[in-house]
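Have a look at the structure below, then the notes.
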Amino acid sequence: MCLAVPGRVMEIEERDGTRMAVVDFGGVVKEVCLEYLPDLAVGEYAIVHVGFALQRLDEESARRTLDLFGELGLLQEEFGDPWEAAAGLGKEAEK
């Protein structure tokens, strides 16, 4: 599954003419392209899908969504270690 996940912008830099950010998704940190939200600032929240910030989001909505995703296990599914997940599937097939 591929989710659009809210995250908080921690750092912004320009790399080869492209605005990029370090974004925290409730403890998971990833690099994100900011070209669709050129005025997004450090400390703000955005909905991110496949590495692109798509929509600005208020902090309360972002935190509620992250909490809900966490409760449902969707953050682990989205950001978990793919090797660990593949190993787990192999164990299930052996049963």
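Labels used: A, B, ... for chains in the order of the structure tokens, numbers from 1 for residues in each chain, and numbers from 1 for ligands as shown.
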
Within 7 Å of stretch 10-17 of chain A, counting only C-alpha atoms, which residues show up once you throw out same-chain ones fewer than 5 positions away? Write them as a PDB file with C-alpha atoms, in the first residue's frame, please.
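Generated file (part-v3.pdb):
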```
ATOM      1  CA  VAL A  22      14.136  16.525   5.375  1.00  0.00           C
ATOM      2  CA  VAL A  23      10.698  15.553   6.710  1.00  0.00           C
ATOM      3  CA  ASP A  24       9.819  13.758   9.958  1.00  0.00           C
ATOM      4  CA  VAL A  42      10.657  24.651   8.152  1.00  0.00           C
ATOM      5  CA  GLY A  43       8.265  23.654  10.937  1.00  0.00           C
TER       6      GLY A  43
END
```

(request) Find the residues around A:Glu60 up to 12 Å (only C-alpha atoms counted), leave out those fewer than 4 positions away in its own chain, and share them as a list in words. (result) Pro6, Gly7, Arg8, Glu44, Tyr45, Ala46, Arg64, Thr65, Leu66 and Asp67 of chain A

Could you write those residues out with C-alpha atoms, as a PDB file, in the first residue's frame?
```
ATOM      1  CA  PRO A   6       1.644  13.918   6.909  1.00  0.00           C
ATOM      2  CA  GLY A   7       5.113  14.994   7.949  1.00  0.00           C
ATOM      3  CA  ARG A   8       6.886  17.975   9.538  1.00  0.00           C
ATOM      4  CA  GLU A  44       5.214  23.367   8.692  1.00  0.00           C
ATOM      5  CA  TYR A  45       3.390  20.128   7.919  1.00  0.00           C
ATOM      6  CA  ALA A  46       2.542  18.679   4.536  1.00  0.00           C
ATOM      7  CA  ARG A  64      -4.216  13.107  14.573  1.00  0.00           C
ATOM      8  CA  THR A  65      -3.552  11.397  11.256  1.00  0.00           C
ATOM      9  CA  LEU A  66      -0.102  10.146  12.335  1.00  0.00           C
ATOM     10  CA  ASP A  67      -1.584   8.802  15.592  1.00  0.00           C
TER      11      ASP A  67
END
```

(request) Tell me which of A:Ala4, A:Arg56, A:Tyr36, A:Lys30 sits closest to A:Thr18, counting only C-alpha atoms. (result) A:Tyr36

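Among the candidate residues A:Gly26, A:Met20, A:His49, A:Glu35, the one lying nearest to A:Gly70 is A:Gly26, with distances computed using only C-alpha atoms.
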